[in-house]
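Dumped data_30.cif below, it's mmCIF, C-alpha atoms:
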data_model
#
loop_
_atom_site.label_atom_id
_atom_site.label_comp_id
_atom_site.auth_asym_id
_atom_site.auth_seq_id
_atom_site.Cartn_x
_atom_site.Cartn_y
_atom_site.Cartn_z
CA MET B 1 -18.99 -31.28 -121.51
CA PRO B 2 -17.65 -34.58 -120.13
CA GLU B 3 -18.49 -35.44 -116.55
CA ARG B 4 -15.73 -34.64 -114.09
CA GLU B 5 -14.18 -37.80 -112.75
CA LEU B 6 -10.62 -39.04 -112.45
CA LYS B 7 -10.01 -40.85 -115.74
CA ALA B 8 -7.40 -41.95 -118.25
CA SER B 9 -6.70 -41.00 -121.86
CA ILE B 10 -3.80 -40.77 -124.33
CA LEU B 11 -1.99 -37.89 -125.99
CA GLY B 12 -2.54 -39.14 -129.53
CA ALA B 13 -0.24 -41.44 -131.50
CA MET B 14 -0.43 -45.23 -131.37
CA PRO B 15 1.73 -47.94 -132.98
CA GLY B 16 0.94 -50.03 -136.03
CA THR B 17 -0.80 -49.41 -139.33
CA ASP B 18 -4.24 -50.95 -138.78
CA PRO B 19 -6.86 -48.31 -137.84
CA LEU B 20 -9.50 -50.95 -137.09
CA GLU B 21 -7.31 -52.79 -134.59
CA THR B 22 -6.23 -49.49 -133.04
CA ALA B 23 -9.83 -48.38 -132.61
CA ARG B 24 -10.68 -51.68 -130.94
CA THR B 25 -7.71 -51.36 -128.60
CA VAL B 26 -8.35 -47.76 -127.59
CA LEU B 27 -12.09 -48.20 -127.14
CA GLY B 28 -11.61 -51.50 -125.35
CA GLU B 29 -8.97 -50.31 -122.90
CA LEU B 30 -10.33 -46.80 -122.37
CA GLY B 31 -14.02 -47.59 -122.08
CA ASP B 32 -16.38 -45.78 -119.73
CA PRO B 33 -15.60 -43.78 -117.64
CA HIS B 34 -12.29 -43.12 -119.40
CA LEU B 35 -11.72 -40.90 -122.42
CA PRO B 36 -10.91 -42.76 -125.67
CA ALA B 37 -9.09 -40.86 -128.40
CA LEU B 38 -9.14 -40.93 -132.16
CA ALA B 39 -5.47 -41.86 -132.47
CA GLU B 40 -2.98 -41.10 -135.22
CA LEU B 41 -0.90 -43.89 -136.75
CA PRO B 42 2.35 -42.21 -137.90
CA GLN B 43 3.79 -45.53 -139.09
CA ARG B 44 1.32 -45.28 -141.98
CA GLY B 45 3.15 -42.23 -143.34
CA ALA B 46 3.35 -38.45 -143.14
CA THR B 47 -0.32 -37.86 -143.94
CA TYR B 48 -1.26 -39.85 -140.82
CA GLU B 49 1.09 -38.05 -138.41
CA THR B 50 -0.23 -35.32 -136.13
CA LEU B 51 1.19 -32.67 -138.47
CA GLY B 52 -0.47 -34.19 -141.53
CA ARG B 53 -3.73 -34.64 -139.64
CA THR B 54 -3.63 -30.99 -138.53
CA VAL B 55 -2.86 -29.76 -142.05
CA SER B 56 -5.90 -31.69 -143.28
CA LEU B 57 -8.13 -29.60 -141.00
CA LEU B 58 -7.34 -26.29 -142.69
CA ASP B 59 -10.47 -24.57 -143.96
CA GLY B 60 -10.05 -22.39 -147.06
CA LEU B 61 -6.32 -23.09 -147.31
CA SER B 62 -4.59 -25.90 -149.18
CA ALA B 63 -1.17 -27.54 -149.11
CA ASP B 64 1.05 -30.03 -150.86
CA MET B 65 4.08 -32.05 -149.79
CA GLN B 66 7.55 -31.02 -150.94
CA SER B 67 10.97 -32.48 -150.13
CA TYR B 68 11.30 -29.97 -147.27
CA GLY B 69 7.80 -30.53 -145.88
CA TRP B 70 4.24 -29.21 -146.21
CA ARG B 71 3.79 -26.07 -148.37
CA LEU B 72 0.78 -23.78 -148.63
CA THR B 73 -0.75 -23.81 -152.12
CA ASP B 74 -3.70 -22.40 -154.03
CA THR B 75 -5.10 -25.87 -154.74
CA PRO B 76 -4.85 -29.06 -152.67
CA GLY B 77 -2.04 -31.43 -153.62
CA LYS B 78 -2.40 -35.21 -153.66
CA ASP B 79 -0.90 -35.57 -150.17
CA PHE B 80 -3.35 -33.01 -148.79
CA ARG B 81 -6.24 -34.90 -150.38
CA ALA B 82 -4.85 -38.15 -148.97
CA ALA B 83 -4.64 -36.63 -145.48
CA VAL B 84 -8.27 -35.49 -145.66
CA SER B 85 -9.40 -38.86 -146.99
CA GLY B 86 -7.42 -40.77 -144.36
CA ARG B 87 -8.81 -38.61 -141.58
CA ASN B 88 -12.40 -39.15 -142.71
CA SER B 89 -11.81 -42.88 -143.14
CA ASP B 90 -10.39 -43.18 -139.63
CA VAL B 91 -13.44 -41.43 -138.19
CA GLY B 92 -15.70 -43.84 -140.08
CA ILE B 93 -13.81 -46.88 -138.78
CA PHE B 94 -13.91 -45.52 -135.23
CA ALA B 95 -17.65 -44.95 -135.57
CA ASP B 96 -18.16 -48.51 -136.84
CA VAL B 97 -16.39 -49.96 -133.80
CA ILE B 98 -18.44 -47.75 -131.47
CA GLY B 99 -21.54 -49.09 -133.17
CA THR B 100 -20.69 -52.61 -132.02
CA MET B 101 -20.28 -51.63 -128.36
CA GLU B 102 -22.92 -52.22 -125.70
CA GLU B 103 -21.70 -49.25 -123.65
CA ARG B 104 -20.84 -46.50 -126.06
CA PRO B 105 -18.66 -43.54 -125.03
CA SER B 106 -20.34 -40.18 -124.55
CA THR B 107 -17.13 -38.23 -125.17
CA LEU B 108 -14.15 -38.66 -127.50
CA LYS B 109 -10.80 -36.88 -127.67
CA ILE B 110 -9.00 -35.59 -130.74
CA GLN B 111 -5.66 -33.82 -130.92
CA LEU B 112 -3.95 -31.35 -133.21
CA LEU B 113 -1.04 -28.95 -133.37
CA GLY B 114 -1.59 -25.34 -132.38
CA PRO B 115 -1.16 -22.38 -134.74
CA LEU B 116 2.44 -21.52 -133.80
CA THR B 117 3.69 -25.07 -134.25
CA LEU B 118 1.67 -25.57 -137.42
CA ALA B 119 2.97 -22.33 -138.95
CA ALA B 120 6.53 -23.31 -137.96
CA ASN B 121 6.10 -26.51 -140.02
CA LEU B 122 4.23 -25.06 -142.99
CA HIS B 123 6.09 -23.31 -145.77
CA LEU B 124 5.16 -20.38 -147.98
CA HIS B 125 5.26 -20.63 -151.77
CA LEU B 126 8.95 -19.70 -151.99
CA GLY B 127 9.91 -22.12 -149.23
CA GLU B 128 10.32 -20.04 -146.07
CA LYS B 129 8.37 -21.07 -142.99
CA ALA B 130 4.91 -19.54 -142.73
CA ILE B 131 5.51 -18.35 -139.17
CA SER B 132 7.88 -15.75 -140.67
CA ASP B 133 4.86 -13.89 -142.08
CA PRO B 134 2.47 -12.43 -139.43
CA GLY B 135 -0.35 -12.32 -141.97
CA ALA B 136 0.14 -15.95 -142.94
CA LEU B 137 0.29 -16.95 -139.27
CA ARG B 138 -3.00 -15.19 -138.64
CA ASP B 139 -4.64 -16.78 -141.69
CA ILE B 140 -3.42 -20.25 -140.70
CA SER B 141 -4.75 -19.84 -137.18
CA GLN B 142 -8.18 -18.71 -138.40
CA SER B 143 -8.31 -21.50 -140.96
CA LEU B 144 -7.35 -24.08 -138.32
CA ALA B 145 -10.00 -22.80 -135.92
CA LEU B 146 -12.78 -23.02 -138.51
CA GLY B 147 -11.66 -26.42 -139.77
CA THR B 148 -11.35 -27.88 -136.29
CA ALA B 149 -14.81 -26.67 -135.29
CA GLU B 150 -16.27 -28.34 -138.38
CA PHE B 151 -14.31 -31.53 -137.69
CA VAL B 152 -15.70 -31.65 -134.15
CA ARG B 153 -19.22 -31.47 -135.59
CA ASN B 154 -18.40 -34.23 -138.10
CA VAL B 155 -17.00 -36.48 -135.36
CA ARG B 156 -20.12 -36.03 -133.28
CA ARG B 157 -22.40 -36.80 -136.21
CA ALA B 158 -20.44 -39.89 -137.26
CA THR B 159 -19.90 -41.43 -133.83
CA GLY B 160 -22.99 -40.33 -131.92
CA VAL B 161 -20.98 -38.90 -129.00
CA SER B 162 -22.37 -35.86 -127.24
CA SER B 163 -19.09 -34.00 -126.82
CA VAL B 164 -15.50 -33.90 -128.05
CA VAL B 165 -12.34 -32.93 -126.16
CA VAL B 166 -9.76 -31.19 -128.37
CA MET B 167 -6.13 -31.18 -127.21
CA VAL B 168 -4.11 -28.40 -128.83
CA SER B 169 -0.36 -29.05 -128.57
CA GLU B 170 2.27 -26.35 -129.09
CA PRO B 171 5.73 -27.99 -128.80
CA HIS B 172 7.27 -25.13 -130.81
CA ALA B 173 5.63 -22.30 -128.87
CA ASP B 174 8.66 -21.48 -126.69
CA ALA B 175 10.98 -21.43 -129.69
CA ALA B 176 8.57 -19.16 -131.54
CA LEU B 177 8.32 -16.71 -128.63
CA ALA B 178 12.10 -16.74 -128.15
CA GLY B 179 12.90 -16.15 -131.82
CA ALA B 180 14.60 -19.55 -132.01
CA ILE B 181 12.77 -21.05 -135.01
CA PRO B 182 15.45 -21.60 -137.66
CA THR B 183 14.99 -20.43 -141.23
CA VAL B 184 14.83 -23.02 -143.99
CA SER B 185 18.53 -22.45 -144.69
CA GLY B 186 19.38 -22.96 -141.03
CA TYR B 187 21.82 -20.04 -141.07
CA ARG B 188 19.70 -17.73 -138.95
CA THR B 189 16.50 -17.69 -136.92
CA LEU B 190 13.15 -16.05 -137.55
CA ARG B 191 11.85 -13.03 -135.69
CA ALA B 192 10.13 -13.86 -132.39
CA VAL B 193 6.35 -13.98 -132.22
CA LYS B 194 5.09 -11.40 -129.71
CA PRO B 195 3.51 -12.99 -126.61
CA ALA B 196 0.41 -10.82 -127.03
CA ASP B 197 -0.04 -12.13 -130.57
CA ALA B 198 0.36 -15.75 -129.47
CA LEU B 199 -2.15 -15.29 -126.65
CA ARG B 200 -4.63 -13.71 -129.07
CA LEU B 201 -4.29 -16.68 -131.45
CA TRP B 202 -4.87 -19.20 -128.65
CA THR B 203 -7.81 -17.24 -127.26
CA ASP B 204 -9.50 -17.02 -130.67
CA LEU B 205 -8.81 -20.68 -131.45
CA VAL B 206 -10.28 -21.89 -128.16
CA GLY B 207 -13.30 -19.63 -128.57
CA GLU B 208 -14.05 -20.86 -132.10
CA ILE B 209 -13.77 -24.54 -131.17
CA LYS B 210 -16.01 -24.12 -128.11
CA ASP B 211 -18.59 -22.03 -129.92
CA ASP B 212 -21.25 -24.78 -130.12
CA ASP B 213 -20.83 -25.80 -126.45
CA ALA B 214 -20.24 -29.42 -127.47
CA ALA B 215 -16.47 -29.26 -127.30
CA SER B 216 -13.88 -28.59 -124.61
CA VAL B 217 -10.26 -27.63 -125.22
CA VAL B 218 -7.06 -28.72 -123.50
CA LEU B 219 -3.86 -26.72 -124.07
CA ASN B 220 -0.49 -28.45 -124.06
CA LEU B 221 2.15 -25.71 -124.00
CA ALA B 222 5.10 -27.87 -122.96
CA ASP B 223 8.16 -27.59 -125.17
CA HIS B 224 10.11 -30.44 -126.82
CA GLU B 225 11.75 -31.34 -123.51
CA GLY B 226 8.51 -31.19 -121.56
CA ARG B 227 9.53 -27.94 -119.86
CA LEU B 228 7.01 -25.35 -118.74
CA GLY B 229 8.63 -22.38 -120.40
CA GLN B 230 7.72 -18.87 -121.54
CA ALA B 231 4.60 -19.95 -123.43
CA HIS B 232 3.11 -21.58 -120.35
CA SER B 233 4.06 -18.64 -118.14
CA GLU B 234 2.51 -16.10 -120.51
CA ALA B 235 -0.69 -18.10 -120.84
CA MET B 236 -1.02 -18.79 -117.11
CA GLY B 237 -1.43 -15.07 -116.53
CA ARG B 238 -4.54 -15.11 -118.71
CA VAL B 239 -6.08 -18.49 -117.88
CA LYS B 240 -9.60 -17.11 -117.58
CA GLU B 241 -9.30 -15.03 -120.73
CA ILE B 242 -8.07 -17.93 -122.85
CA ASP B 243 -10.86 -20.07 -121.35
CA ALA B 244 -9.31 -23.46 -122.10
CA ASP B 245 -11.02 -26.18 -120.07
CA GLY B 246 -7.83 -28.08 -119.30
CA TRP B 247 -4.03 -27.83 -119.37
CA TYR B 248 -1.36 -30.50 -119.71
CA VAL B 249 1.50 -30.85 -117.21
CA ASN B 250 4.21 -33.51 -117.33
CA ALA B 251 4.07 -34.93 -113.78
CA VAL B 252 7.15 -37.09 -114.39
CA LYS B 253 9.36 -34.30 -115.72
CA HIS B 254 8.19 -31.85 -113.05
CA GLN B 255 8.16 -34.18 -110.07
CA SER B 256 10.37 -31.85 -108.02
CA SER B 257 9.39 -28.51 -109.57
CA MET B 258 7.35 -26.46 -107.11
CA ARG B 259 6.77 -23.87 -109.86
CA ALA B 260 5.07 -26.47 -112.01
CA TRP B 261 2.93 -27.77 -109.17
CA GLU B 262 1.99 -24.25 -108.11
CA SER B 263 0.73 -23.86 -111.68
CA VAL B 264 -1.27 -27.07 -111.23
CA ALA B 265 -2.78 -25.71 -108.02
CA ALA B 266 -3.64 -22.41 -109.72
CA LEU B 267 -5.40 -24.26 -112.54
CA ILE B 268 -7.36 -26.46 -110.15
CA GLU B 269 -8.40 -23.46 -108.08
CA ALA B 270 -9.44 -21.68 -111.30
CA ASP B 271 -11.81 -24.63 -111.92
CA ARG B 272 -9.78 -26.00 -114.83
CA ASP B 273 -8.92 -29.64 -115.46
CA VAL B 274 -5.30 -30.79 -115.41
CA TRP B 275 -4.00 -33.52 -117.68
CA LEU B 276 -1.08 -35.16 -115.88
CA GLY B 277 1.61 -37.09 -117.72
CA ALA B 278 1.79 -40.04 -115.34
CA PHE B 279 4.57 -42.22 -116.80
CA ASP B 280 7.18 -41.85 -119.51
CA GLU B 281 8.76 -44.03 -122.15
CA ALA B 282 11.56 -45.08 -119.80
CA SER B 283 9.14 -46.80 -117.43
CA VAL B 284 7.35 -48.49 -120.32
CA ALA B 285 10.69 -49.55 -121.84
CA SER B 286 11.72 -51.17 -118.57
CA GLN B 287 8.60 -53.31 -118.69
CA VAL B 288 9.31 -54.22 -122.30
CA ALA B 289 12.82 -55.27 -121.26
CA GLY B 290 11.35 -57.60 -118.65
CA GLN B 291 12.20 -55.55 -115.58
CA LYS B 292 9.77 -55.56 -112.71
CA PRO B 293 7.77 -52.33 -112.98
CA GLU B 294 7.17 -49.96 -110.12
CA SER B 295 3.95 -50.84 -108.35
CA VAL B 296 0.83 -48.94 -109.31
CA ALA B 297 0.47 -47.69 -105.74
CA ALA B 298 4.05 -46.36 -105.70
CA THR B 299 3.58 -44.60 -109.04
CA PHE B 300 0.38 -42.98 -107.87
CA ASP B 301 1.99 -41.91 -104.59
CA ARG B 302 4.73 -40.15 -106.55
CA ILE B 303 2.07 -38.23 -108.46
CA VAL B 304 0.05 -37.15 -105.46
CA SER B 305 2.96 -36.29 -103.17
CA PRO B 306 3.61 -32.87 -104.79
CA TRP B 307 -0.14 -32.55 -105.35
CA ARG B 308 -0.66 -32.61 -101.60
CA SER B 309 2.39 -30.43 -100.92
CA VAL B 310 0.77 -27.48 -102.71
CA GLY B 311 -2.41 -27.85 -100.67
CA LEU B 312 -4.65 -29.75 -103.08
CA SER B 313 -7.10 -32.31 -101.72
CA PHE B 314 -7.68 -35.87 -102.90
CA GLU B 315 -11.25 -34.87 -103.80
CA GLN B 316 -9.85 -32.42 -106.36
CA LEU B 317 -8.32 -35.36 -108.25
CA HIS B 318 -11.69 -35.47 -110.04
CA GLN B 319 -10.33 -32.54 -112.06
CA THR B 320 -7.48 -34.65 -113.50
CA VAL B 321 -6.94 -36.92 -116.46
CA LEU B 322 -3.95 -39.30 -116.38
CA VAL B 323 -2.07 -39.80 -119.66
CA PRO B 324 1.34 -41.04 -120.81
CA THR B 325 3.89 -38.24 -121.20
CA SER B 326 4.14 -38.89 -124.95
CA GLY B 327 2.57 -40.84 -127.77
CA LEU B 328 2.88 -44.65 -127.71
CA GLU B 329 3.86 -45.10 -131.36
CA ARG B 330 7.36 -46.40 -130.55
CA LEU B 331 5.94 -49.41 -128.69
CA SER B 332 4.61 -52.61 -130.16
CA PRO B 333 0.80 -52.81 -130.30
CA GLU B 334 0.83 -55.31 -127.42
CA HIS B 335 3.04 -53.14 -125.20
CA ALA B 336 0.90 -50.12 -126.02
CA ARG B 337 -2.10 -52.09 -124.85
CA ARG B 338 -0.28 -52.87 -121.59
CA ALA B 339 0.51 -49.18 -121.16
CA LEU B 340 -3.18 -48.34 -121.45
CA GLY B 341 -3.92 -51.03 -118.87
CA ARG B 342 -1.41 -49.45 -116.49
CA LEU B 343 -3.10 -46.08 -116.95
CA THR B 344 -6.49 -47.45 -115.97
CA ASP B 345 -4.89 -49.24 -112.99
CA LEU B 346 -3.49 -45.88 -111.87
CA VAL B 347 -6.94 -44.36 -112.12
CA ASP B 348 -8.38 -47.20 -110.03
CA ALA B 349 -5.71 -46.55 -107.40
CA GLY B 350 -6.58 -42.86 -107.42
CA ARG B 351 -10.28 -43.48 -107.02
CA GLN B 352 -9.60 -45.72 -104.05
CA ARG B 353 -7.46 -42.98 -102.55
CA ILE B 354 -10.34 -40.54 -102.95
CA VAL B 355 -12.72 -42.96 -101.24
CA ASP B 356 -10.29 -43.56 -98.37
CA ALA B 357 -9.58 -39.86 -97.83
#
Using structure tokens, write down the structure that the file contains.
Amino acid sequence: MPERELKASILGAMPGTDPLETARTVLGELGDPHLPALAELPQRGATYETLGRTVSLLDGLSADMQSYGWRLTDTPGKDFRAAVSGRNSDVGIFADVIGTMEERPSTLKIQLLGPLTLAANLHLHLGEKAISDPGALRDISQSLALGTAEFVRNVRRATGVSSVVVMVSEPHADAALAGAIPTVSGYRTLRAVKPADALRLWTDLVGEIKDDDAASVVLNLADHEGRLGQAHSEAMGRVKEIDADGWYVNAVKHQSSMRAWESVAALIEADRDVWLGAFDEASVASQVAGQKPESVAATFDRIVSPWRSVGLSFEQLHQTVLVPTSGLERLSPEHARRALGRLTDLVDAGRQRIVDA
């Protein structure tokens, strides 16, 4: 398990098409004590997006790419094989860069889509979405859990790190629980997934990934708009049962939401880590446009103001990881590098605040 200390990381995607340059950037900007991530490069194509990367982790299931998206198959298609090959190649490149470093990271982060979102984007043989079939959803979740656990072991072997943080993102969870996932035709929606079934899938997935004690799991249950909706509410009632080590909360989107910050306080008091989305694309875009950015101190004060209002102490900031609120793939590589620099500046400001408290 990574040492608890206020640190920075990223959610996943980075710009560009060069995995070597991306590895150098991420490892260079997010060196110790921060948490570097094995990033996706969606500009390289569908097999390198988070969805394609997650599909490549399936154990005992295969897929191919059709005009409407990924489809489950009996044998792996060429795009599935390409996704697996690209994933393994990226790990090898990341490991090579780590091998050149004097201070090597002890922990890395990977990210993937959760079972509800994956099943909402995978199709059965006849074309309908896999989440429409409870049996298929269950099989996909079990396959993902086994494949992710094996991938964690492979990452550790290749890179020499002692532990891996796995972020599981479920942007479609609320739609799945509300029965709002559209059919392939778009003329109706699929039956809602029962909350108890979703909670069981998350609990089993987290348990399988953490089985060897060398991995920790962060759940991101925010919806497409960054809202804390039904999925988050259902899961919060069973935080200890699900046993995720950390939870993501968009601190920008929920700046004025006491409900969200009460959830943060509950997680901290339950001895969980909280991953806070510290700045969004709008603030990065303003810097790209040449506008004077908000000072690091002012940005950090905005984050900790509601933190303090729900009774949390500065010392408890050691249970937080600061991240952008989304992937950085829409930026240029240079502006993405600047964004990572701003993250680490925010962490420095936070550490000084802890010392001064």
Neighbour list for Val355 of chain B as a VMD selection string, cut-off 12 Å, only C-alpha atoms, skip fewer than 2 positions in-chain:
chain B and resid 314 to 315 317 to 318 348 to 353 357
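Using only C-alpha atoms, the set of residues no farther than 7 Å from the position (-4.6, -39.4, -141.1) comprises Glu40, Thr47, Tyr48, Glu49, Gly52, Arg53, Ala83, Gly86 and Arg87 of chain B.
Nearest to Leu126 of chain B of all the residues B:Thr73, B:Gln230, B:Thr107, B:Thr159 is B:Thr73, based on all atoms listed in the file.
Distance annotation: of B:Leu340, B:Leu199, B:Val239, B:Ala23, the residue with the minimal separation from Phe94 of chain B is B:Ala23; atom set is only C-alpha atoms.
Closest to Gln66 of chain B among B:Ala222, B:Leu124, B:Leu112, B:Ala82 is B:Leu124, based on all atoms listed in the file.
In this comparison, which uses all atoms listed in the file, the residue of B:Asp211, B:Asp273, B:Glu170, B:Glu262 approaching Glu150 of chain B most closely is B:Asp211.
Here, the PyMOL selection byres ((chain B and resi 61) around 8) matches Leu58, Asp59, Gly60, Ser62, Ala63, Leu72, Thr73, Asp74, Ile140 and Ser143 of chain B.
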Pick from B:Val161, B:Leu57, B:Leu137, B:Ala270: nearest to Glu103 of chain B, with only C-alpha atoms counted?
B:Val161
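Coordinates place atom CA of Leu27 of chain B at a distance of 19.0 Å from atom CA of Pro42 of chain B.
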Return as a PyMOL selection string the set of residues that the PyMOL selection byres ((chain B and resi 198) around 12) yields on the displayed structure.
chain B and resi 114-117+119+131+134+137-138+141+170+172-174+176-178+192-197+199-205+221+230-232+234-235+238+242
Which residues fall under the PyMOL selection byres ((chain B and resi 6-18) around 7) in this file, as a PyMOL selection string?
chain B and resi 4-5+19-22+30+33-37+39-44+111+317-324+326-333+343-344+347
So which residues touch Pro182 of chain B within 10 Å, counting all atoms listed in the file, skipping near sequence neighbours fewer than 6 positions away, as a list in words?
Ala120, Glu128, Lys129, Ala175, Ala176, Arg188, Thr189, Leu190 and Arg191 of chain B
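Among the candidates B:Val304, B:Leu38, B:Ala130, B:Val168, the residue lying nearest to Trp70 of chain B is B:Ala130 (atoms considered: only C-alpha atoms).
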